[in-house]
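Participant: Starting off with a structure, shown below.
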Number of protein chains: 2
Amino acid sequence: MSGIRPSAIRELLRLGDDPDLISFGGGYPDPALFPMNELSEIFHELLTTANARTLQYTESRGLPELRARIADRLTRGGTTCGADDVLVIQGGQQGLDLTAKLVLNAGDTVVTENPTFLGALIAFAPYEPRYAPVRIDEDGMDMDHLEETLARHPGARLLYTVPDFQNPTGVTLSLDRRRRLIELANRHELLVLEDTPYRDLRYEGTHIPTLKSLDTEGRVVHVGSFSKILAPGVRLGWAVAAPDVLEKLGLLKLAADTQSSTLNMAATATYLGQYDIDSHIADACAVYRHKRDLALKTLDEVMPPEVRFTRPDGGLFTWLTFPDTFDTADFMRQTLLPHAKVAYVPGTTFFPTQQEPNHARLSFSGIADERLVDGLHRMGDLVRRELAH
Amino acid sequence: MSGIRPSAIRELLRLGDDPDLISFGGGYPDPALFPMNELSEIFHELLTTANARTLQYTESRGLPELRARIADRLTRGGTTCGADDVLVIQGGQQGLDLTAKLVLNAGDTVVTENPTFLGALIAFAPYEPRYAPVRIDEDGMDMDHLEETLARHPGARLLYTVPDFQNPTGVTLSLDRRRRLIELANRHELLVLEDTPYRDLRYEGTHIPTLKSLDTEGRVVHVGSFSKILAPGVRLGWAVAAPDVLEKLGLLKLAADTQSSTLNMAATATYLGQYDIDSHIADACAVYRHKRDLALKTLDEVMPPEVRFTRPDGGLFTWLTFPDTFDTADFMRQTLLPHAKVAYVPGTTFFPTQQEPNHARLSFSGIADERLVDGLHRMGDLVRRELAH
């Protein structure tokens, strides 16, 4: 238990309930985008056709019709797989927990992007790993640095990556680097945990093949989630892996919680069968693209030049880098929250080992335009004042 | 991973899909008892009142209104607690996983009933414990044997028990023994994991206080589930523990899957607020009491005297004990399944260490009366023939 971190995510989830706060903190999708009417009809249908099976136990690895729909959709997107290659999980987070449980012993080395997803650090912590963080730039994880890092950590077991619109930075791993990552994983016999919660939220450019689709030795566990493309409240995601790995993950799923909600799995499978989720996602992307553009344009206007930020092609986040001496946690606690009621996530929490104080993660989803602009203006004013000291 | 067992439960879940099979195997509740109409209305209401919050992320430890409803109900039943003492989990199974994750290191000793719940062995296996199984009789775990066992295993960390209508045997721990169990746990500084999925399904006699209500040193993690009293398909349960323990379990829940389904939590909270679940449970108990009576009466008629079975006051199971030389797994595979299409769970799988071959678990829930009687007659005929050899 020594490995459990104080929960910054949970604190943010709590803050999210204050209606006065303008929070760029959560990775929340915009609730206005949830297909309420469609889901309402589906749940109504499932619960009134005397179909009690939707409330009974089912297969631990997930309802067959949902696994088939997920496999179809992944295959259409270039990640070829069948229903039996899919394990239904409780959102992407459970994929991180189960994969860590499968491969990690205390003291094992996990390779991550630097910075990386806080939820992954929280998922891995109970297994007490060590971390080998790898530099990232606008094209994702730096492969030369990865190669050096693997040479220095020959016993590394697991590489964790968010290749698309990474959390927290928003950057995307280029195709060349994906190919090289697979080569390095093969050479060093790593398991690669590919976490793709934002993959479908691309606002420009074309989709880059998943690591799973480039996987030549069955080393990639591909994890995805319905949280950002349907709704977080159904708590559903998927894992796709080589048969021997998926079989073990399935047993760990059974051990962890027996199965996911039969009702939610049936509703999601029905949604995928009766509606066009790709069209729904295109609508969501239009909204988020607008939010991203508005956020970046406003940041361009309000931030002094010494504050840099990423310009992501998708996802929910931009990553701000302040001058080295700027402490974003102090600034938020002492200035931004009390004087402007604005919040972001201070960057320190995303670093597995050496915590850099001068970054912040901003989410532009789920905030009304006016509040988004207002919040960034308030923040920009205070940042300028702080930097002028 | 060495600790993962081949999944007997999962095999049974699969078998359950064959409509010709008369299965006494699953611990399934009767789907005819699910409150479909009520839940249909509730889901409709939740998804049509523009209340997108029910599909958004929420607090990791569970929706406050659900935690409050659970605490009220437990308090009415004598296990006094408040909303902040409750963690919402994915059915009881997740409570077993998280508690094991909290306290167990490889090689640690877990004390269990002998036999014990297979799902607990599956939940604990990834943490690679050793087991110290304790004899049970018609009043549950034998406290003299527990005392001896603890003396022989001074480093034991965790005691796992299903005190009410135990799975697989159906027996209930008496009040005197509960008091003594708490004394022994205090003396040996054990954490007690009290698993109560069947507690509300009492068909005669009066409720015995929970171990949690008798807990004097905050040593009991009390786990309960909506699977048997509402529906398994919502995948919801609860854990109640001392504040420091619950805080850690809450962090492990966050690490494992972020939270349970917001929608299902909202629906369950609404159900508990708008309907009388105790009246619903009373209706369910009437059905299950009838099934139990029918099963025991039929077993009395069809089984030869050398086959003994428990007469549980509640729950879903009776436990059959055949002569020592009888192998229930072989009998099922070679005779019962091929010649009668009848299944139970062979008893071996419930023993943590020394597997006794001559037991079987029979579930009497969720089978139509005629099929229940028919299945037991077919089984009785074949058992008599087998024992006559």
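Starting from 1 in every chain, residues are counted up; chains themselves are A, B, ... following the order of the structure tokens, and ligands are numbered from 1 as listed.
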Return the neighbours of chain B among the residues of chain A, cut-off 6 Å, counting only C-alpha atoms, as an mmCIF file with N, CA, C and O atoms, in the first residue's frame.
Facilitator:
data_model
loop_
_atom_site.group_PDB
_atom_site.id
_atom_site.type_symbol
_atom_site.label_atom_id
_atom_site.label_comp_id
_atom_site.auth_asym_id
_atom_site.auth_seq_id
_atom_site.Cartn_x
_atom_site.Cartn_y
_atom_site.Cartn_z
ATOM 1 N N PRO A 31 -21.021 16.977 -21.481
ATOM 2 C CA PRO A 31 -22.259 16.201 -21.293
ATOM 3 C C PRO A 31 -23.336 16.525 -22.322
ATOM 4 O O PRO A 31 -24.219 15.696 -22.574
ATOM 5 N N MET A 36 -28.407 11.190 -25.133
ATOM 6 C CA MET A 36 -29.406 10.871 -24.101
ATOM 7 C C MET A 36 -30.660 10.216 -24.697
ATOM 8 O O MET A 36 -31.142 9.215 -24.184
ATOM 9 N N SER A 40 -31.824 6.577 -23.872
ATOM 10 C CA SER A 40 -33.099 6.434 -23.175
ATOM 11 C C SER A 40 -33.975 5.402 -23.865
ATOM 12 O O SER A 40 -34.536 4.504 -23.236
ATOM 13 N N HIS A 44 -34.977 1.728 -22.356
ATOM 14 C CA HIS A 44 -36.406 1.447 -22.261
ATOM 15 C C HIS A 44 -36.725 0.113 -22.936
ATOM 16 O O HIS A 44 -37.366 -0.767 -22.358
ATOM 17 N N LEU A 47 -35.301 -2.896 -21.037
ATOM 18 C CA LEU A 47 -35.917 -3.192 -19.745
ATOM 19 C C LEU A 47 -37.408 -3.471 -19.831
ATOM 20 O O LEU A 47 -38.026 -3.821 -18.835
ATOM 21 N N ALA A 52 -35.203 -10.171 -19.127
ATOM 22 C CA ALA A 52 -34.517 -10.110 -17.838
ATOM 23 C C ALA A 52 -33.044 -10.471 -17.957
ATOM 24 O O ALA A 52 -32.248 -10.167 -17.070
ATOM 25 N N LEU A 55 -30.346 -8.067 -17.035
ATOM 26 C CA LEU A 55 -30.028 -7.775 -15.636
ATOM 27 C C LEU A 55 -29.392 -8.969 -14.928
ATOM 28 O O LEU A 55 -29.141 -8.930 -13.732
ATOM 29 N N GLN A 56 -29.157 -10.048 -15.684
ATOM 30 C CA GLN A 56 -28.576 -11.267 -15.101
ATOM 31 C C GLN A 56 -27.051 -11.245 -15.280
ATOM 32 O O GLN A 56 -26.512 -10.387 -15.974
ATOM 33 N N TYR A 57 -26.378 -12.177 -14.641
ATOM 34 C CA TYR A 57 -24.962 -12.386 -14.921
ATOM 35 C C TYR A 57 -24.780 -12.779 -16.383
ATOM 36 O O TYR A 57 -25.685 -13.313 -17.017
ATOM 37 N N GLN A 90 -14.005 -2.129 -17.448
ATOM 38 C CA GLN A 90 -14.642 -0.957 -16.819
ATOM 39 C C GLN A 90 -13.922 0.324 -17.221
ATOM 40 O O GLN A 90 -13.197 0.897 -16.407
ATOM 41 N N GLN A 93 -9.350 2.569 -17.560
ATOM 42 C CA GLN A 93 -8.590 2.448 -16.314
ATOM 43 C C GLN A 93 -8.407 0.992 -15.897
ATOM 44 O O GLN A 93 -7.331 0.595 -15.446
ATOM 45 N N GLN A 94 -9.465 0.188 -16.053
ATOM 46 C CA GLN A 94 -9.327 -1.212 -15.636
ATOM 47 C C GLN A 94 -8.300 -1.945 -16.502
ATOM 48 O O GLN A 94 -7.630 -2.862 -16.004
ATOM 49 N N ASP A 97 -5.010 -1.298 -14.831
ATOM 50 C CA ASP A 97 -4.872 -2.085 -13.597
ATOM 51 C C ASP A 97 -4.593 -3.553 -13.913
ATOM 52 O O ASP A 97 -3.667 -4.152 -13.360
ATOM 53 N N ILE A 122 -1.480 6.085 -10.871
ATOM 54 C CA ILE A 122 -2.349 5.610 -9.775
ATOM 55 C C ILE A 122 -2.645 4.113 -9.930
ATOM 56 O O ILE A 122 -2.627 3.363 -8.956
ATOM 57 N N ALA A 123 -2.894 3.685 -11.162
ATOM 58 C CA ALA A 123 -3.172 2.258 -11.406
ATOM 59 C C ALA A 123 -1.964 1.389 -11.088
ATOM 60 O O ALA A 123 -2.099 0.302 -10.529
ATOM 61 N N ALA A 231 -20.194 7.878 -23.341
ATOM 62 C CA ALA A 231 -20.413 8.546 -22.051
ATOM 63 C C ALA A 231 -19.614 7.818 -20.978
ATOM 64 O O ALA A 231 -19.580 6.584 -20.956
ATOM 65 N N PRO A 232 -18.989 8.579 -20.082
ATOM 66 C CA PRO A 232 -18.205 7.933 -19.018
ATOM 67 C C PRO A 232 -19.082 7.111 -18.071
ATOM 68 O O PRO A 232 -18.622 6.128 -17.499
ATOM 69 N N GLY A 233 -20.359 7.553 -17.913
ATOM 70 C CA GLY A 233 -21.219 6.949 -16.902
ATOM 71 C C GLY A 233 -21.587 5.497 -17.154
ATOM 72 O O GLY A 233 -22.078 4.825 -16.258
ATOM 73 N N VAL A 234 -21.368 4.998 -18.386
ATOM 74 C CA VAL A 234 -21.605 3.566 -18.612
ATOM 75 C C VAL A 234 -20.412 2.727 -18.166
ATOM 76 O O VAL A 234 -20.536 1.520 -18.010
ATOM 77 N N ARG A 235 -19.249 3.384 -17.942
ATOM 78 C CA ARG A 235 -18.034 2.686 -17.474
ATOM 79 C C ARG A 235 -17.705 1.463 -18.315
ATOM 80 O O ARG A 235 -17.636 0.341 -17.800
ATOM 81 N N ALA A 255 -11.495 -12.198 -11.574
ATOM 82 C CA ALA A 255 -11.048 -12.077 -10.181
ATOM 83 C C ALA A 255 -11.372 -10.705 -9.608
ATOM 84 O O ALA A 255 -11.701 -10.571 -8.429
ATOM 85 N N ALA A 256 -11.302 -9.679 -10.454
ATOM 86 C CA ALA A 256 -11.433 -8.305 -9.960
ATOM 87 C C ALA A 256 -12.880 -7.906 -9.716
ATOM 88 O O ALA A 256 -13.182 -7.227 -8.730
ATOM 89 N N ASP A 257 -13.795 -8.285 -10.620
ATOM 90 C CA ASP A 257 -15.186 -7.827 -10.446
ATOM 91 C C ASP A 257 -16.215 -8.689 -11.169
ATOM 92 O O ASP A 257 -17.316 -8.213 -11.466
ATOM 93 N N SER A 261 -21.170 -4.421 -16.158
ATOM 94 C CA SER A 261 -22.633 -4.403 -16.081
ATOM 95 C C SER A 261 -23.271 -4.969 -17.346
ATOM 96 O O SER A 261 -23.086 -4.439 -18.441
ATOM 97 N N THR A 262 -24.044 -6.046 -17.181
ATOM 98 C CA THR A 262 -24.721 -6.663 -18.331
ATOM 99 C C THR A 262 -25.606 -5.643 -19.033
ATOM 100 O O THR A 262 -25.618 -5.544 -20.265
ATOM 101 N N LEU A 263 -26.339 -4.876 -18.246
ATOM 102 C CA LEU A 263 -27.270 -3.888 -18.797
ATOM 103 C C LEU A 263 -26.523 -2.852 -19.629
ATOM 104 O O LEU A 263 -26.919 -2.545 -20.766
#
Participant: List the neighbours of Glu370 in chain A out to 12 Å using only C-alpha atoms; skip same-chain residues closer than 6 positions along the sequence, and give me the result as JSON, numbers by chain.
Facilitator: {"A": [22, 291, 294, 295, 298, 364, 376, 377]}
Participant: Now that the selection is made, can you save its residues with C-alpha atoms as a PDB file, in the first residue's frame?
Facilitator:
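Contents of out_5.pdb, freshly written:
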ATOM      1  CA  ILE A  22     -14.181  27.598 -14.105  1.00  0.00           C
ATOM      2  CA  LYS A 291     -13.370  24.464 -28.346  1.00  0.00           C
ATOM      3  CA  LEU A 294     -11.181  28.899 -29.262  1.00  0.00           C
ATOM      4  CA  ALA A 295      -8.864  27.856 -26.437  1.00  0.00           C
ATOM      5  CA  THR A 298      -7.559  32.865 -26.638  1.00  0.00           C
ATOM      6  CA  PHE A 364     -10.933  22.645 -23.153  1.00  0.00           C
ATOM      7  CA  LEU A 376      -8.495  32.071 -19.880  1.00  0.00           C
ATOM      8  CA  HIS A 377      -8.620  35.883 -19.845  1.00  0.00           C
TER       9      HIS A 377
END
Participant: From a DSSP calculation on the backbone, collect every residue of range 52-252 of chain A in strand (DSSP E) and output the set as number ranges by chain.
Facilitator: A: 86-89, 109-114, 130-137, 140-141, 158-161, 191-195, 220-225, 237-240
Participant: Which of range 89-162 of chain B end up as helix (DSSP H, G or I) when DSSP is run on this backbone - answer as a compact mmCIF listing (two decimals) with C-alpha atoms, in the first residue's frame?
Facilitator:
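To be explicit, this is the file written out as selection_14.txt:
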# COMPACT_ATOMS: atom_id res chain seq x y z
CA GLY B 91 -20.56 -6.17 -6.74
CA GLY B 92 -19.13 -7.97 -3.75
CA GLN B 93 -16.33 -9.48 -5.84
CA GLN B 94 -14.53 -6.15 -6.11
CA GLY B 95 -14.56 -5.85 -2.32
CA LEU B 96 -12.64 -9.11 -2.12
CA ASP B 97 -10.12 -8.01 -4.74
CA LEU B 98 -9.51 -4.59 -3.19
CA THR B 99 -9.22 -5.93 0.36
CA ALA B 100 -6.76 -8.59 -0.77
CA LYS B 101 -4.81 -5.96 -2.70
CA LEU B 102 -4.71 -3.82 0.42
CA VAL B 103 -3.33 -6.37 2.86
CA LEU B 118 -14.57 -20.08 -5.07
CA GLY B 119 -14.77 -16.43 -6.17
CA ALA B 120 -12.74 -15.48 -3.12
CA LEU B 121 -10.01 -17.97 -4.02
CA ILE B 122 -10.05 -16.51 -7.55
CA ALA B 123 -9.89 -12.93 -6.18
CA PHE B 124 -7.03 -13.72 -3.80
CA ALA B 125 -4.99 -15.91 -6.18
CA PRO B 126 -3.15 -13.09 -8.02
CA TYR B 127 -1.72 -11.96 -4.66
CA MET B 143 -13.96 -21.39 16.75
CA ASP B 144 -11.80 -23.94 18.58
CA HIS B 145 -10.29 -24.91 15.28
CA LEU B 146 -9.88 -21.23 14.37
CA GLU B 147 -8.02 -20.63 17.64
CA GLU B 148 -5.70 -23.58 16.97
CA THR B 149 -5.20 -22.45 13.39
CA LEU B 150 -4.27 -18.91 14.42
CA ALA B 151 -1.82 -20.32 16.95
CA ARG B 152 -0.17 -22.30 14.17
Participant: Would you kindly return, as number ranges by chain, each protein, DNA or RNA residue with an atom no farther than 10 Å from any atom of range 329-339 of chain B, considering only C-alpha atoms and excluding same-chain residues fewer than 4 positions away?
Facilitator: B: 21-23, 343-349, 357-360, 375, 378-383, 386
Participant: Can you tell me which residues surround Asp278 in chain B at a distance of at most 10 Å, considering only C-alpha atoms, apart from same-chain residues fewer than 3 positions away, and format the answer as a PDB file with N, CA, C and O atoms, in the first residue's frame?
Facilitator:
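Written file, selection-v3.pdb:
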ATOM      1  N   ARG B  73     -29.886   1.853   5.132  1.00  0.00           N
ATOM      2  CA  ARG B  73     -30.416   0.492   5.166  1.00  0.00           C
ATOM      3  C   ARG B  73     -29.589  -0.395   6.105  1.00  0.00           C
ATOM      4  O   ARG B  73     -30.132  -1.171   6.891  1.00  0.00           O
ATOM      5  N   ASP B 200     -29.528 -11.002   3.223  1.00  0.00           N
ATOM      6  CA  ASP B 200     -30.940 -10.599   3.250  1.00  0.00           C
ATOM      7  C   ASP B 200     -31.888 -11.724   2.855  1.00  0.00           C
ATOM      8  O   ASP B 200     -33.098 -11.579   3.009  1.00  0.00           O
ATOM      9  N   ILE B 229     -30.279  -9.164  -4.307  1.00  0.00           N
ATOM     10  CA  ILE B 229     -31.501  -8.515  -3.796  1.00  0.00           C
ATOM     11  C   ILE B 229     -32.100  -7.527  -4.795  1.00  0.00           C
ATOM     12  O   ILE B 229     -33.245  -7.109  -4.645  1.00  0.00           O
ATOM     13  N   LEU B 272     -33.940   2.705  -4.375  1.00  0.00           N
ATOM     14  CA  LEU B 272     -33.982   2.627  -2.907  1.00  0.00           C
ATOM     15  C   LEU B 272     -34.824   3.764  -2.318  1.00  0.00           C
ATOM     16  O   LEU B 272     -35.428   3.617  -1.252  1.00  0.00           O
ATOM     17  N   TYR B 275     -38.886   3.046  -3.962  1.00  0.00           N
ATOM     18  CA  TYR B 275     -39.547   1.766  -3.735  1.00  0.00           C
ATOM     19  C   TYR B 275     -39.087   1.179  -2.404  1.00  0.00           C
ATOM     20  O   TYR B 275     -38.104   1.623  -1.833  1.00  0.00           O
ATOM     21  N   ILE B 281     -37.564  -7.669  -1.215  1.00  0.00           N
ATOM     22  CA  ILE B 281     -36.769  -8.803  -0.728  1.00  0.00           C
ATOM     23  C   ILE B 281     -37.680  -9.840  -0.064  1.00  0.00           C
ATOM     24  O   ILE B 281     -37.472 -11.053  -0.219  1.00  0.00           O
ATOM     25  N   ALA B 282     -38.694  -9.374   0.652  1.00  0.00           N
ATOM     26  CA  ALA B 282     -39.641 -10.311   1.275  1.00  0.00           C
ATOM     27  C   ALA B 282     -40.333 -11.163   0.202  1.00  0.00           C
ATOM     28  O   ALA B 282     -40.508 -12.376   0.370  1.00  0.00           O
ATOM     29  N   ASP B 283     -40.690 -10.519  -0.916  1.00  0.00           N
ATOM     30  CA  ASP B 283     -41.292 -11.278  -2.022  1.00  0.00           C
ATOM     31  C   ASP B 283     -40.309 -12.307  -2.569  1.00  0.00           C
ATOM     32  O   ASP B 283     -40.671 -13.450  -2.848  1.00  0.00           O
ATOM     33  N   ALA B 284     -39.055 -11.869  -2.738  1.00  0.00           N
ATOM     34  CA  ALA B 284     -38.029 -12.784  -3.249  1.00  0.00           C
ATOM     35  C   ALA B 284     -37.828 -13.943  -2.281  1.00  0.00           C
ATOM     36  O   ALA B 284     -37.729 -15.104  -2.687  1.00  0.00           O
TER      37      ALA B 284
END
Participant: At a cut-off of 12 Å, can you tabulate as a tab-separated table every residue of range 77-169 of chain B near range 304-318 of chain B together with its closest atom pair and the distance in Å to one decimal, using only C-alpha atoms and ordering rows by chain then number?
Facilitator:
residue	atom	partner	partner_atom	distance
B:Phe117	CA	B:Phe317	CA	11.7
B:Ile136	CA	B:Thr310	CA	11.8
B:Asp137	CA	B:Thr310	CA	9.6
B:Glu138	CA	B:Thr310	CA	7.6
B:Asp139	CA	B:Pro312	CA	10.4
B:Gly140	CA	B:Pro312	CA	11.1
B:Val162	CA	B:Gly315	CA	11.0
B:Pro163	CA	B:Gly315	CA	11.1
B:Asp164	CA	B:Gly315	CA	7.8
B:Phe165	CA	B:Gly315	CA	5.1
B:Gln166	CA	B:Gly315	CA	7.6
B:Asn167	CA	B:Phe317	CA	6.9
B:Pro168	CA	B:Phe317	CA	6.4
B:Thr169	CA	B:Thr318	CA	5.8
Participant: Just give me the gap between CA of Ser225 in chain B and CA of Leu66 in chain A in Å, one decimal is fine.
Facilitator: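 Separation between CA of Ser225 in chain B and CA of Leu66 in chain A: 25.0 Å.
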Participant: Separation of CA of His290 in chain B and CA of Ser365 in chain B, in Å?
Facilitator: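 CA of Ser365 in chain B lies 9.8 Å from CA of His290 in chain B.
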Participant: Point out the residue among A:Val111, A:Val373, A:Leu296, A:Ala269 with the least atom-to-atom distance to Gly62 in chain A, counting only C-alpha atoms.
Facilitator: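 Smallest separation from Gly62 in chain A among the options: A:Ala269.
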Participant: So how far away is CA of Pro197 in chain B from CA of Gly155 in chain B, in Å?
Facilitator: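 Those two atoms sit 28.2 Å apart.
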Participant: So that I can check the surroundings of Glu217 in chain B, please list as a list in words every protein, DNA and RNA residue that reaches within 12 Å of it, counting only C-alpha atoms and ignoring chain neighbours fewer than 5 positions away.
Facilitator: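 Using only C-alpha atoms, the neighbours found are Ile182, Glu183, Leu184, Ala185, Asn186, Arg187, His188, Glu189, Leu190, Leu191, Val192, Leu211, Lys212, Ala241, Ala242, Pro243 and Val245 of chain B.
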Participant: With only C-alpha atoms as the counted atoms, please give the residues lying no more than 12 Å from Gly77 in chain A, apart from itself and same-chain residues fewer than 3 positions off, as a ChimeraX atom specification.
Facilitator: /A:70-74,80-81,199-200,206-210,212-213,278
